[in-house]
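Here is the file input-v9.tsv (TSV, C-alpha atoms and all ligand atoms).
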chain	number	residue	atom	x	y	z
S	877	MET	CA	54.52	-44.92	-74.37
S	878	LEU	CA	51.87	-47.03	-72.63
S	879	ARG	CA	52.09	-47.00	-68.85
S	880	LEU	CA	50.99	-49.50	-66.25
S	881	PRO	CA	48.00	-48.43	-64.17
S	882	ARG	CA	48.30	-48.27	-60.39
S	883	PHE	CA	47.89	-51.68	-58.72
S	884	GLN	CA	48.78	-53.50	-55.54
S	885	PHE	CA	51.58	-56.07	-55.90
S	886	VAL	CA	51.74	-58.91	-53.39
S	887	GLU	CA	54.34	-61.63	-53.17
S	888	PRO	CA	53.04	-64.49	-51.02
S	889	ALA	CA	55.61	-66.92	-49.62
S	890	THR	CA	53.44	-70.03	-49.68
S	891	LEU	CA	51.00	-71.73	-52.00
S	892	ALA	CA	48.30	-71.60	-49.32
S	893	GLU	CA	48.73	-67.84	-48.94
S	894	ALA	CA	48.58	-67.28	-52.69
S	895	LEU	CA	45.39	-69.36	-52.98
S	896	ARG	CA	43.83	-67.50	-50.05
S	897	LEU	CA	44.66	-64.04	-51.42
S	898	ARG	CA	43.33	-64.91	-54.85
S	899	GLY	CA	40.25	-66.64	-53.40
S	900	GLU	CA	39.38	-63.50	-51.46
S	901	ALA	CA	39.42	-61.33	-54.60
S	902	LEU	CA	38.61	-63.55	-57.58
S	903	ASP	CA	37.12	-60.69	-59.62
S	904	SER	CA	39.81	-58.11	-58.91
S	905	SER	CA	43.10	-60.01	-58.78
S	906	MET	CA	45.39	-61.97	-61.11
S	907	TYR	CA	48.39	-64.19	-60.74
S	908	VAL	CA	51.62	-63.14	-62.40
S	909	ALA	CA	54.65	-65.35	-63.09
S	910	GLY	CA	57.15	-63.87	-65.57
S	911	GLY	CA	54.70	-61.08	-66.42
S	912	THR	CA	55.52	-61.12	-70.13
S	913	ASP	CA	51.85	-61.38	-71.07
S	914	VAL	CA	50.20	-59.91	-67.97
S	915	TYR	CA	52.06	-56.59	-67.90
S	916	PRO	CA	51.72	-55.65	-71.59
S	917	LYS	CA	48.01	-56.45	-71.31
S	918	MET	CA	47.69	-54.32	-68.20
S	919	LYS	CA	49.33	-51.47	-70.13
S	920	ARG	CA	46.70	-51.88	-72.85
S	921	ARG	CA	43.98	-52.21	-70.15
S	922	GLN	CA	42.96	-55.64	-71.43
S	923	PHE	CA	43.55	-56.77	-67.84
S	924	GLN	CA	42.69	-54.36	-65.03
S	925	PRO	CA	43.42	-56.20	-61.77
S	926	ALA	CA	43.50	-54.14	-58.59
S	927	THR	CA	45.89	-56.70	-57.08
S	928	VAL	CA	48.60	-58.70	-58.82
S	929	ILE	CA	49.66	-61.82	-56.94
S	930	SER	CA	53.19	-62.96	-57.75
S	931	LEU	CA	53.85	-66.70	-58.03
S	932	SER	CA	57.63	-66.26	-57.95
S	933	ARG	CA	57.98	-67.62	-54.41
S	934	VAL	CA	55.15	-70.09	-54.78
S	935	VAL	CA	56.04	-72.28	-57.77
S	936	ASP	CA	59.58	-73.57	-58.29
S	937	ASP	CA	61.71	-73.95	-61.39
S	938	ALA	CA	63.14	-77.41	-60.72
S	939	PHE	CA	63.60	-80.24	-63.20
S	940	ARG	CA	63.02	-83.56	-61.40
S	941	ASN	CA	63.19	-87.17	-62.54
S	942	GLY	CA	60.21	-89.30	-61.66
S	943	ASN	CA	58.76	-91.80	-64.13
S	944	GLY	CA	59.61	-89.27	-66.83
S	945	LEU	CA	60.36	-85.61	-66.15
S	946	ARG	CA	58.68	-83.13	-63.81
S	947	ILE	CA	59.17	-79.44	-64.48
S	948	GLY	CA	58.29	-76.76	-61.94
S	949	ALA	CA	55.81	-74.28	-63.42
S	950	GLY	CA	58.25	-71.46	-62.62
S	951	ALA	CA	60.95	-72.80	-64.99
S	952	THR	CA	61.78	-70.18	-67.59
S	953	LEU	CA	61.32	-70.93	-71.27
S	954	THR	CA	65.06	-70.48	-71.74
S	955	ALA	CA	65.76	-73.13	-69.10
S	956	VAL	CA	63.20	-75.47	-70.69
S	957	SER	CA	64.60	-75.00	-74.19
S	958	GLU	CA	68.20	-75.55	-73.04
S	959	HIS	CA	67.79	-78.34	-70.49
S	960	PRO	CA	69.69	-81.46	-71.69
S	961	LYS	CA	66.91	-83.85	-70.58
S	962	VAL	CA	64.28	-81.85	-72.49
S	963	LYS	CA	66.49	-81.62	-75.58
S	964	ASP	CA	67.26	-85.36	-75.47
S	965	GLY	CA	63.89	-86.87	-74.61
S	966	TYR	CA	61.28	-84.20	-75.36
S	967	ARG	CA	62.59	-82.36	-78.40
S	968	ALA	CA	59.21	-80.90	-79.40
S	969	LEU	CA	59.07	-79.07	-76.07
S	970	ALA	CA	62.65	-77.77	-76.34
S	971	GLU	CA	61.92	-76.54	-79.86
S	972	ALA	CA	58.57	-74.97	-78.93
S	973	ALA	CA	59.97	-73.17	-75.86
S	974	GLY	CA	62.92	-71.95	-77.96
S	975	LEU	CA	60.56	-70.52	-80.57
S	976	VAL	CA	58.53	-68.37	-78.15
S	977	SER	CA	59.01	-64.68	-78.64
S	978	THR	CA	62.51	-63.26	-78.01
S	979	PRO	CA	65.48	-64.27	-75.80
S	980	GLN	CA	64.61	-61.51	-73.30
S	981	LEU	CA	61.00	-62.70	-72.95
S	982	ARG	CA	62.09	-66.35	-72.78
S	983	ASN	CA	64.40	-65.42	-69.89
S	984	MET	CA	61.41	-64.03	-67.96
S	985	GLY	CA	58.48	-66.06	-69.30
S	986	THR	CA	57.70	-69.31	-67.50
S	987	LEU	CA	56.35	-72.66	-68.62
S	988	GLY	CA	53.38	-72.25	-66.24
S	989	GLY	CA	52.58	-68.85	-67.76
S	990	ASN	CA	52.80	-70.31	-71.25
S	991	VAL	CA	50.43	-73.14	-70.32
S	992	CYS	CA	47.92	-70.60	-68.93
S	993	LEU	CA	48.46	-67.99	-71.68
S	994	ASP	CA	45.49	-65.84	-72.69
S	995	THR	CA	43.96	-66.25	-76.15
S	996	ARG	CA	44.66	-63.63	-78.82
S	997	CYS	CA	42.68	-61.65	-81.40
S	998	ASN	CA	43.42	-58.72	-83.70
S	999	TRP	CA	40.49	-56.83	-82.19
S	1000	TYR	CA	41.39	-57.47	-78.58
S	1001	ASP	CA	45.19	-57.08	-78.69
S	1002	GLN	CA	45.06	-53.34	-79.16
S	1003	SER	CA	45.62	-50.33	-76.94
S	1004	LEU	CA	42.78	-48.84	-74.91
S	1005	PHE	CA	42.93	-45.82	-77.25
S	1006	TRP	CA	42.33	-48.04	-80.32
S	1007	ARG	CA	39.57	-50.08	-78.68
S	1008	THR	CA	37.86	-46.95	-77.35
S	1009	ALA	CA	37.78	-45.54	-80.87
S	1010	GLU	CA	36.82	-48.73	-82.72
S	1011	GLY	CA	34.59	-50.30	-80.07
S	1012	PHE	CA	35.06	-52.94	-77.42
S	1013	CYS	CA	34.13	-56.60	-77.78
S	1014	MET	CA	32.72	-59.27	-75.50
S	1015	LYS	CA	36.12	-60.47	-74.29
S	1016	THR	CA	36.43	-57.37	-72.14
S	1017	HIS	CA	32.81	-56.14	-72.16
S	1018	ALA	CA	30.26	-58.96	-71.74
S	1019	GLU	CA	27.37	-56.82	-73.03
S	1020	VAL	CA	29.00	-56.23	-76.45
S	1021	VAL	CA	29.08	-58.58	-79.45
S	1022	CYS	CA	32.09	-60.33	-80.93
S	1023	ARG	CA	33.50	-57.96	-83.57
S	1024	VAL	CA	35.00	-60.76	-85.64
S	1025	ALA	CA	31.80	-62.82	-85.83
S	1026	PRO	CA	28.92	-60.67	-84.52
S	1027	SER	CA	26.46	-63.58	-84.58
S	1028	SER	CA	28.73	-65.81	-82.50
S	1029	ALA	CA	27.63	-66.45	-78.92
S	1030	LYS	CA	31.25	-67.22	-78.04
S	1031	CYS	CA	34.52	-65.36	-78.28
S	1032	LEU	CA	36.69	-66.93	-80.99
S	1033	ALA	CA	40.08	-65.61	-79.86
S	1034	VAL	CA	42.99	-67.85	-80.78
S	1035	ALA	CA	44.94	-70.29	-78.59
S	1036	SER	CA	48.50	-68.99	-79.01
S	1037	SER	CA	50.85	-70.86	-76.69
S	1038	ASP	CA	53.71	-72.65	-78.42
S	1039	THR	CA	54.54	-75.14	-75.70
S	1040	VAL	CA	50.99	-76.44	-75.21
S	1041	PRO	CA	50.71	-78.44	-78.49
S	1042	ALA	CA	54.19	-79.86	-77.84
S	1043	LEU	CA	53.20	-80.85	-74.31
S	1044	ILE	CA	49.95	-82.43	-75.55
S	1045	ALA	CA	51.83	-84.43	-78.21
S	1046	LEU	CA	54.24	-85.57	-75.49
S	1047	GLY	CA	51.36	-86.76	-73.27
S	1048	ALA	CA	51.91	-84.19	-70.49
S	1049	SER	CA	49.77	-83.69	-67.42
S	1050	VAL	CA	49.79	-80.83	-64.94
S	1051	VAL	CA	49.63	-80.66	-61.17
S	1052	VAL	CA	47.03	-78.10	-60.17
S	1053	ALA	CA	46.59	-76.68	-56.66
S	1054	GLY	CA	43.36	-75.09	-55.53
S	1055	ALA	CA	41.17	-74.44	-52.52
S	1056	LYS	CA	40.10	-78.11	-52.50
S	1057	GLY	CA	43.67	-79.45	-52.65
S	1058	GLU	CA	45.87	-80.80	-55.40
S	1059	ARG	CA	44.90	-82.76	-58.52
S	1060	ILE	CA	46.60	-84.06	-61.63
S	1061	VAL	CA	44.96	-83.26	-64.97
S	1062	SER	CA	45.85	-84.32	-68.49
S	1063	LEU	CA	47.02	-81.12	-70.18
S	1064	ALA	CA	44.82	-81.82	-73.21
S	1065	ASP	CA	41.80	-81.53	-70.88
S	1066	CYS	CA	42.80	-78.09	-69.58
S	1067	TYR	CA	41.42	-76.13	-72.56
S	1068	ARG	CA	37.99	-75.40	-73.99
S	1069	GLU	CA	36.74	-73.92	-77.26
S	1070	ASP	CA	35.96	-70.51	-75.78
S	1071	GLY	CA	38.25	-67.51	-76.20
S	1072	ILE	CA	37.18	-66.02	-72.85
S	1073	ARG	CA	36.95	-69.07	-70.55
S	1074	TYR	CA	39.70	-70.85	-72.40
S	1075	LEU	CA	40.96	-72.84	-69.39
S	1076	THR	CA	38.95	-75.59	-67.71
S	1077	LEU	CA	40.80	-74.92	-64.44
S	1078	GLU	CA	38.74	-73.49	-61.60
S	1079	PRO	CA	39.24	-69.75	-61.04
S	1080	GLY	CA	42.15	-69.25	-58.66
S	1081	GLU	CA	43.80	-72.62	-59.27
S	1082	ILE	CA	47.58	-72.64	-59.72
S	1083	VAL	CA	49.57	-74.90	-62.03
S	1084	THR	CA	52.52	-76.01	-59.92
S	1085	GLU	CA	54.19	-78.65	-62.07
S	1086	ILE	CA	54.19	-80.04	-65.60
S	1087	ARG	CA	54.74	-83.81	-65.81
S	1088	LEU	CA	56.04	-85.65	-68.84
S	1089	PRO	CA	55.86	-89.44	-69.17
S	1090	ALA	CA	58.95	-91.55	-69.85
S	1091	SER	CA	60.42	-90.75	-73.25
S	1092	GLU	CA	61.99	-94.08	-74.26
S	1093	GLY	CA	61.35	-94.78	-77.94
S	1094	TRP	CA	59.68	-91.40	-78.60
S	1095	ARG	CA	60.79	-88.85	-81.19
S	1096	SER	CA	59.07	-85.50	-81.47
S	1097	THR	CA	59.16	-82.12	-83.15
S	1098	TYR	CA	57.30	-78.77	-83.29
S	1099	LEU	CA	56.82	-76.57	-86.36
S	1100	LYS	CA	55.52	-73.02	-86.19
S	1101	GLN	CA	54.29	-70.47	-88.70
S	1102	ARG	CA	54.45	-66.79	-87.77
S	1103	ASP	CA	54.84	-63.41	-89.42
S	1104	ARG	CA	58.37	-62.62	-88.27
S	1105	ASN	CA	60.66	-65.40	-87.13
S	1106	SER	CA	62.35	-63.00	-84.71
S	1107	PHE	CA	59.52	-62.84	-82.16
S	1108	ASP	CA	55.93	-63.41	-83.26
S	1109	PHE	CA	53.19	-65.59	-81.81
S	1110	PRO	CA	52.17	-68.65	-83.87
S	1111	ILE	CA	49.50	-68.26	-86.53
S	1112	ALA	CA	49.67	-72.03	-87.03
S	1113	GLY	CA	51.62	-74.62	-85.07
S	1114	VAL	CA	51.93	-78.41	-85.25
S	1115	ALA	CA	53.58	-80.77	-82.77
S	1116	ALA	CA	54.08	-84.44	-83.56
S	1117	ALA	CA	55.42	-87.29	-81.45
S	1118	VAL	CA	55.96	-90.88	-82.50
S	1119	ARG	CA	57.05	-93.93	-80.45
S	1120	TRP	CA	59.05	-96.42	-82.42
S	1121	ASP	CA	59.12	-100.13	-81.63
S	1122	GLY	CA	61.96	-101.32	-83.85
S	1123	ASN	CA	61.10	-99.87	-87.25
S	1124	THR	CA	57.33	-99.74	-86.68
S	1125	VAL	CA	55.30	-96.95	-85.08
S	1126	ALA	CA	53.84	-98.19	-81.78
S	1127	ASP	CA	52.13	-94.96	-80.70
S	1128	ALA	CA	51.71	-91.44	-82.11
S	1129	ARG	CA	50.25	-88.08	-81.15
S	1130	VAL	CA	49.75	-84.89	-83.15
S	1131	ALA	CA	48.46	-81.57	-81.79
S	1132	ILE	CA	47.78	-78.28	-83.53
S	1133	THR	CA	47.53	-74.74	-82.19
S	1134	ALA	CA	46.63	-71.19	-83.27
S	1135	LEU	CA	43.93	-72.69	-85.49
S	1136	GLY	CA	41.00	-72.23	-83.10
S	1137	SER	CA	40.33	-71.18	-79.52
S	1138	ARG	CA	41.85	-74.33	-78.10
S	1139	PRO	CA	44.79	-76.52	-79.01
S	1140	VAL	CA	43.47	-79.70	-80.63
S	1141	ALA	CA	44.76	-83.27	-80.37
S	1142	VAL	CA	44.45	-84.71	-83.87
S	1143	ASP	CA	43.60	-88.40	-84.37
S	1144	ALA	CA	46.97	-89.97	-85.26
S	1145	SER	CA	45.92	-93.61	-84.90
S	1146	ALA	CA	46.42	-94.20	-88.64
S	1147	LEU	CA	50.17	-94.08	-87.99
S	1148	VAL	CA	50.25	-97.03	-85.59
S	1149	GLY	CA	51.73	-100.15	-87.17
S	1150	THR	CA	53.18	-98.19	-90.11
S	1151	LYS	CA	56.70	-97.04	-90.92
S	1152	LEU	CA	55.37	-93.52	-91.50
S	1153	GLU	CA	54.81	-94.29	-95.16
S	1154	ASP	CA	53.44	-91.45	-97.30
S	1155	ASP	CA	49.79	-92.63	-97.28
S	1156	ALA	CA	49.69	-92.91	-93.47
S	1157	VAL	CA	51.27	-89.48	-93.11
S	1158	ALA	CA	48.78	-88.03	-95.63
S	1159	ALA	CA	45.81	-89.48	-93.68
S	1160	VAL	CA	46.90	-87.74	-90.46
S	1161	ALA	CA	47.74	-84.52	-92.33
S	1162	ASP	CA	44.16	-84.63	-93.69
S	1163	ALA	CA	42.84	-85.04	-90.14
S	1164	ALA	CA	44.89	-82.01	-89.02
S	1165	HIS	CA	43.53	-80.00	-91.95
S	1166	LYS	CA	39.95	-80.91	-90.96
S	1167	ALA	CA	40.56	-80.14	-87.28
S	1168	ALA	CA	41.97	-76.67	-88.08
S	1169	ARG	CA	39.25	-74.01	-87.84
S	1170	PRO	CA	41.06	-70.68	-88.15
S	1171	MET	CA	39.08	-67.45	-88.08
S	1172	ASP	CA	40.01	-64.15	-89.65
S	1173	ASN	CA	41.24	-62.67	-86.35
S	1174	THR	CA	45.00	-63.00	-86.49
S	1175	SER	CA	47.69	-62.61	-89.15
S	1176	GLY	CA	47.67	-64.70	-92.31
S	1177	THR	CA	44.65	-65.82	-94.27
S	1178	ILE	CA	42.24	-68.57	-93.28
S	1179	SER	CA	43.23	-70.76	-96.24
S	1180	GLN	CA	46.96	-70.21	-95.66
S	1181	ARG	CA	46.69	-71.22	-92.00
S	1182	LYS	CA	44.46	-74.20	-92.71
S	1183	ARG	CA	46.90	-75.37	-95.38
S	1184	ALA	CA	49.75	-74.93	-92.88
S	1185	ALA	CA	48.07	-77.52	-90.64
S	1186	ARG	CA	48.34	-80.10	-93.43
S	1187	VAL	CA	51.80	-79.16	-94.70
S	1188	PHE	CA	53.37	-78.85	-91.24
S	1189	THR	CA	51.87	-82.18	-90.12
S	1190	GLU	CA	53.38	-83.86	-93.18
S	1191	ARG	CA	56.76	-82.20	-92.64
S	1192	ALA	CA	56.80	-82.95	-88.93
S	1193	LEU	CA	55.95	-86.63	-89.38
S	1194	VAL	CA	58.39	-87.15	-92.25
S	1195	SER	CA	61.15	-85.66	-90.07
S	1196	LEU	CA	60.39	-88.31	-87.41
S	1197	ARG	CA	60.97	-91.29	-89.72
S	1198	ALA	CA	63.30	-93.91	-88.22
V	1201	LIG	C1	56.13	-59.43	-78.00
V	1201	LIG	C2	55.65	-60.72	-77.41
V	1201	LIG	C3	55.78	-61.87	-78.16
V	1201	LIG	C4	55.32	-63.08	-77.65
V	1201	LIG	N1	55.46	-64.21	-78.43
V	1201	LIG	C5	55.01	-65.41	-77.96
V	1201	LIG	C6	55.13	-66.58	-78.78
V	1201	LIG	O1	55.67	-66.54	-79.88
V	1201	LIG	N2	54.63	-67.74	-78.29
V	1201	LIG	C7	54.04	-67.82	-77.06
V	1201	LIG	O2	53.63	-68.92	-76.67
V	1201	LIG	N3	53.94	-66.73	-76.26
V	1201	LIG	C8	54.41	-65.54	-76.66
V	1201	LIG	N4	54.32	-64.42	-75.87
V	1201	LIG	C9	53.59	-64.49	-74.60
V	1201	LIG	C10	54.45	-64.76	-73.35
V	1201	LIG	O3	55.70	-64.12	-73.42
V	1201	LIG	C11	54.68	-66.26	-73.13
V	1201	LIG	O4	53.50	-66.98	-73.37
V	1201	LIG	C12	55.18	-66.59	-71.72
V	1201	LIG	O5	55.47	-67.97	-71.61
V	1201	LIG	C13	54.18	-66.25	-70.62
V	1201	LIG	O6	54.77	-66.66	-69.39
V	1201	LIG	P1	54.83	-65.65	-68.14
V	1201	LIG	O7	55.46	-66.41	-67.03
V	1201	LIG	O8	55.47	-64.38	-68.50
V	1201	LIG	O9	53.28	-65.49	-67.89
V	1201	LIG	P2	52.50	-64.25	-67.21
V	1201	LIG	O10	52.44	-63.12	-68.16
V	1201	LIG	O11	53.06	-63.99	-65.85
V	1201	LIG	O12	51.06	-64.95	-67.06
V	1201	LIG	C14	50.33	-65.38	-68.17
V	1201	LIG	C15	48.98	-65.93	-67.69
V	1201	LIG	O13	49.15	-67.13	-66.97
V	1201	LIG	C16	48.68	-67.01	-65.62
V	1201	LIG	N5	49.64	-67.80	-64.84
V	1201	LIG	C17	50.99	-67.67	-64.88
V	1201	LIG	N6	51.56	-68.68	-64.19
V	1201	LIG	C18	50.54	-69.44	-63.70
V	1201	LIG	C19	50.50	-70.64	-62.90
V	1201	LIG	N7	51.62	-71.26	-62.50
V	1201	LIG	N8	49.28	-71.13	-62.57
V	1201	LIG	C20	48.13	-70.51	-62.97
V	1201	LIG	N9	48.13	-69.39	-63.73
V	1201	LIG	C21	49.33	-68.88	-64.10
V	1201	LIG	C22	48.63	-65.52	-65.35
V	1201	LIG	O14	47.66	-65.19	-64.37
V	1201	LIG	C23	48.24	-65.00	-66.73
V	1201	LIG	O15	46.86	-65.20	-66.92
V	1201	LIG	C24	54.76	-63.17	-76.34
V	1201	LIG	C25	54.66	-62.00	-75.58
V	1201	LIG	C26	55.09	-60.80	-76.11
V	1201	LIG	C27	54.99	-59.57	-75.26
V	1202	LIG	S1	37.02	-63.17	-81.18
V	1202	LIG	FE1	35.42	-61.61	-80.96
V	1202	LIG	S2	34.96	-61.48	-78.76
V	1202	LIG	FE2	36.88	-62.61	-79.01
V	1202	LIG	S3	38.50	-61.09	-78.76
V	1202	LIG	FE3	38.05	-61.21	-80.95
V	1202	LIG	S4	36.48	-59.67	-81.39
V	1202	LIG	FE4	36.58	-59.98	-79.18
Step by step, read the file and then write its structure as structure tokens.
Amino acid sequence: MLRLPRFQFVEPATLAEALRLRGEALDSSMYVAGGTDVYPKMKRRQFQPATVISLSRVVDDAFRNGNGLRIGAGATLTAVSEHPKVKDGYRALAEAAGLVSTPQLRNMGTLGGNVCLDTRCNWYDQSLFWRTAEGFCMKTHAEVVCRVAPSSAKCLAVASSDTVPALIALGASVVVAGAKGERIVSLADCYREDGIRYLTLEPGEIVTEIRLPASEGWRSTYLKQRDRNSFDFPIAGVAAAVRWDGNTVADARVAITALGSRPVAVDASALVGTKLEDDAVAAVADAAHKAARPMDNTSGTISQRKRAARVFTERALVSLRA
């Protein structure tokens, strides 16, 4: 059995205190929300923080109306997947949250933690024992090469959050608090193509709220491929959202995940003005196929996962027909 290392656990009561504590120890501390990713990774020594700063008293779990829907970053995935307003207006998010992992982990795991989830890789997601024997890689040891692509200057670990593509397709933004105050950022702009520095947020910033625009006229869905439907991470995921004006598409968004180090918004403009006829759907499915750049560092084969981008985009869009 893998055990947690010794660490200091602090539970600040205010956002300001959490930001101060983290700011004082950027290199040796981490935030924890539900802990469903942080603690297993600490057991495997992928993360080795001396201090773990809990966000449980800092971010709330409320669902508020306000020109759409505002969800506190501390809302659990179970609450997100079961909330009537999410199920009615933002189905892709309800489906994505409901497909994360297992019921137990969804009861603990939060939406904020899912938005900030670490990238994954077959080489990195191993015990310390395994990595000591096989060799470390640059995600934990900057001086070592990438073991998946030794000539790559960047880590190619895979974006693996299920809710992020759904949130991007739904046009979400996040409220971020940091030392310089609060700002609102489009969620699509929060990620970069880099398996180590995968978030564009400043170190120490906290996601406090996820904001969804009004949902009138929108229909959406999320499809996920994984090894075992009982609990695995995505190896390909597609979210699609379409706004209908009568029987014509007025706006559309498609986002893919687990097919590169960042979730990607696919150009879905070919759908606007159509009735989601087969040729329009095929054009966007082609775009998703082109945007998918899987590497051989998670389950499935590269061609299988790339093909999933096309097939899932087609299936998702066809399911959204009026
Ligand atoms: C067996 C197993 C299967 C899993 N399957 C899936 C899956 O299918 N799909 C999936 O998406 N995930 C999966 N996960 C990962 C995890 O359970 C979820 O992503 C969960 O939503 C993480 O939320 P958390 O609150 O537990 O995050 P934590 O583990 O507490 O934190 C995750 C990361 O986010 C940071 N963080 C947390 N909250 C905030 C915040 N508000 N602001 C800034 N930073 C923050 C933490 O510092 C950490 O870096 C799985 C995990 C396990 C162990
Ligand atoms: S992609 Fe390369 S650097 Fe990144 S975790 Fe995998 S082996 Fe390590």
Point to revise | S:Cys1022, S:Ala894, S:Val1061, S:Ile1082 ranked by distance to ligand LIG 1201 (chain V), top pick (using all atoms listed in the file) | key: S:Ile1082
Review point. In Å to one decimal, how far is CA of Pro1041 (chain S) from CA of Ser1062 (chain S)?
Key: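 That distance, rounded to one decimal, is 12.6 Å.
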Residues of chain S within 10 Å of ligand LIG 1202 (chain V): nearest atom pair and distance (Å, one decimal) for each, counting only C-alpha atoms and all ligand atoms, sorted by chain and number, as JSON lines?
{"residue": "S:Thr995", "atom": "CA", "partner": "V:LIG1202", "partner_atom": "S3", "distance": 8.0}
{"residue": "S:Arg996", "atom": "CA", "partner": "V:LIG1202", "partner_atom": "S3", "distance": 6.7}
{"residue": "S:Cys997", "atom": "CA", "partner": "V:LIG1202", "partner_atom": "FE3", "distance": 4.7}
{"residue": "S:Asn998", "atom": "CA", "partner": "V:LIG1202", "partner_atom": "FE3", "distance": 6.5}
{"residue": "S:Trp999", "atom": "CA", "partner": "V:LIG1202", "partner_atom": "S4", "distance": 5.0}
{"residue": "S:Tyr1000", "atom": "CA", "partner": "V:LIG1202", "partner_atom": "S3", "distance": 4.6}
{"residue": "S:Asp1001", "atom": "CA", "partner": "V:LIG1202", "partner_atom": "S3", "distance": 7.8}
{"residue": "S:Gly1011", "atom": "CA", "partner": "V:LIG1202", "partner_atom": "S4", "distance": 9.6}
{"residue": "S:Phe1012", "atom": "CA", "partner": "V:LIG1202", "partner_atom": "FE4", "distance": 7.4}
{"residue": "S:Cys1013", "atom": "CA", "partner": "V:LIG1202", "partner_atom": "FE4", "distance": 4.4}
{"residue": "S:Met1014", "atom": "CA", "partner": "V:LIG1202", "partner_atom": "S2", "distance": 4.5}
{"residue": "S:Lys1015", "atom": "CA", "partner": "V:LIG1202", "partner_atom": "S2", "distance": 4.7}
{"residue": "S:Thr1016", "atom": "CA", "partner": "V:LIG1202", "partner_atom": "FE4", "distance": 7.5}
{"residue": "S:His1017", "atom": "CA", "partner": "V:LIG1202", "partner_atom": "S2", "distance": 8.8}
{"residue": "S:Ala1018", "atom": "CA", "partner": "V:LIG1202", "partner_atom": "S2", "distance": 8.8}
{"residue": "S:Val1020", "atom": "CA", "partner": "V:LIG1202", "partner_atom": "S2", "distance": 8.3}
{"residue": "S:Val1021", "atom": "CA", "partner": "V:LIG1202", "partner_atom": "S2", "distance": 6.6}
{"residue": "S:Cys1022", "atom": "CA", "partner": "V:LIG1202", "partner_atom": "FE1", "distance": 3.6}
{"residue": "S:Arg1023", "atom": "CA", "partner": "V:LIG1202", "partner_atom": "S4", "distance": 4.1}
{"residue": "S:Val1024", "atom": "CA", "partner": "V:LIG1202", "partner_atom": "S4", "distance": 4.6}
{"residue": "S:Ala1025", "atom": "CA", "partner": "V:LIG1202", "partner_atom": "FE1", "distance": 6.2}
{"residue": "S:Pro1026", "atom": "CA", "partner": "V:LIG1202", "partner_atom": "FE1", "distance": 7.5}
{"residue": "S:Ser1027", "atom": "CA", "partner": "V:LIG1202", "partner_atom": "FE1", "distance": 9.9}
{"residue": "S:Ser1028", "atom": "CA", "partner": "V:LIG1202", "partner_atom": "FE1", "distance": 8.0}
{"residue": "S:Ala1029", "atom": "CA", "partner": "V:LIG1202", "partner_atom": "S2", "distance": 8.9}
{"residue": "S:Lys1030", "atom": "CA", "partner": "V:LIG1202", "partner_atom": "S2", "distance": 6.9}
{"residue": "S:Cys1031", "atom": "CA", "partner": "V:LIG1202", "partner_atom": "FE2", "distance": 3.7}
{"residue": "S:Leu1032", "atom": "CA", "partner": "V:LIG1202", "partner_atom": "S1", "distance": 3.8}
{"residue": "S:Ala1033", "atom": "CA", "partner": "V:LIG1202", "partner_atom": "S1", "distance": 4.1}
{"residue": "S:Val1034", "atom": "CA", "partner": "V:LIG1202", "partner_atom": "S1", "distance": 7.6}
{"residue": "S:Asp1070", "atom": "CA", "partner": "V:LIG1202", "partner_atom": "FE2", "distance": 8.6}
{"residue": "S:Gly1071", "atom": "CA", "partner": "V:LIG1202", "partner_atom": "FE2", "distance": 5.8}
{"residue": "S:Ile1072", "atom": "CA", "partner": "V:LIG1202", "partner_atom": "FE2", "distance": 7.0}
{"residue": "S:Ser1137", "atom": "CA", "partner": "V:LIG1202", "partner_atom": "S1", "distance": 8.8}
{"residue": "S:Met1171", "atom": "CA", "partner": "V:LIG1202", "partner_atom": "S1", "distance": 8.4}
{"residue": "S:Asp1172", "atom": "CA", "partner": "V:LIG1202", "partner_atom": "S1", "distance": 9.0}
{"residue": "S:Asn1173", "atom": "CA", "partner": "V:LIG1202", "partner_atom": "FE3", "distance": 6.4}
{"residue": "S:Thr1174", "atom": "CA", "partner": "V:LIG1202", "partner_atom": "FE3", "distance": 9.1}
**Study point:** All residues 7 Å or closer to region 960-967 of chain S, all atoms listed in the file, same chain fewer than 3 positions away omitted, as a PyMOL selection string
**Key:** chain S and resi 956+970-971+1091+1096-1097
Practice item. Counting all atoms listed in the file, select every polymer residue within 12 Å of (58.1, -65.5, -48.7) as defined in the file's coordinates, and provide the selection as JSON, numbers by chain. Key: {"S": [886, 887, 888, 889, 890, 891, 892, 893, 894, 930, 931, 932, 933, 934, 935]}
Can I get the selection written as a PDB file, keeping the file's coordinate frame, with C-alpha atoms?
ATOM      1  CA  VAL S 886      51.740 -58.910 -53.390  1.00  0.00           C
ATOM      2  CA  GLU S 887      54.340 -61.630 -53.170  1.00  0.00           C
ATOM      3  CA  PRO S 888      53.040 -64.490 -51.020  1.00  0.00           C
ATOM      4  CA  ALA S 889      55.610 -66.920 -49.620  1.00  0.00           C
ATOM      5  CA  THR S 890      53.440 -70.030 -49.680  1.00  0.00           C
ATOM      6  CA  LEU S 891      51.000 -71.730 -52.000  1.00  0.00           C
ATOM      7  CA  ALA S 892      48.300 -71.600 -49.320  1.00  0.00           C
ATOM      8  CA  GLU S 893      48.730 -67.840 -48.940  1.00  0.00           C
ATOM      9  CA  ALA S 894      48.580 -67.280 -52.690  1.00  0.00           C
ATOM     10  CA  SER S 930      53.190 -62.960 -57.750  1.00  0.00           C
ATOM     11  CA  LEU S 931      53.850 -66.700 -58.030  1.00  0.00           C
ATOM     12  CA  SER S 932      57.630 -66.260 -57.950  1.00  0.00           C
ATOM     13  CA  ARG S 933      57.980 -67.620 -54.410  1.00  0.00           C
ATOM     14  CA  VAL S 934      55.150 -70.090 -54.780  1.00  0.00           C
ATOM     15  CA  VAL S 935      56.040 -72.280 -57.770  1.00  0.00           C
TER      16      VAL S 935
END
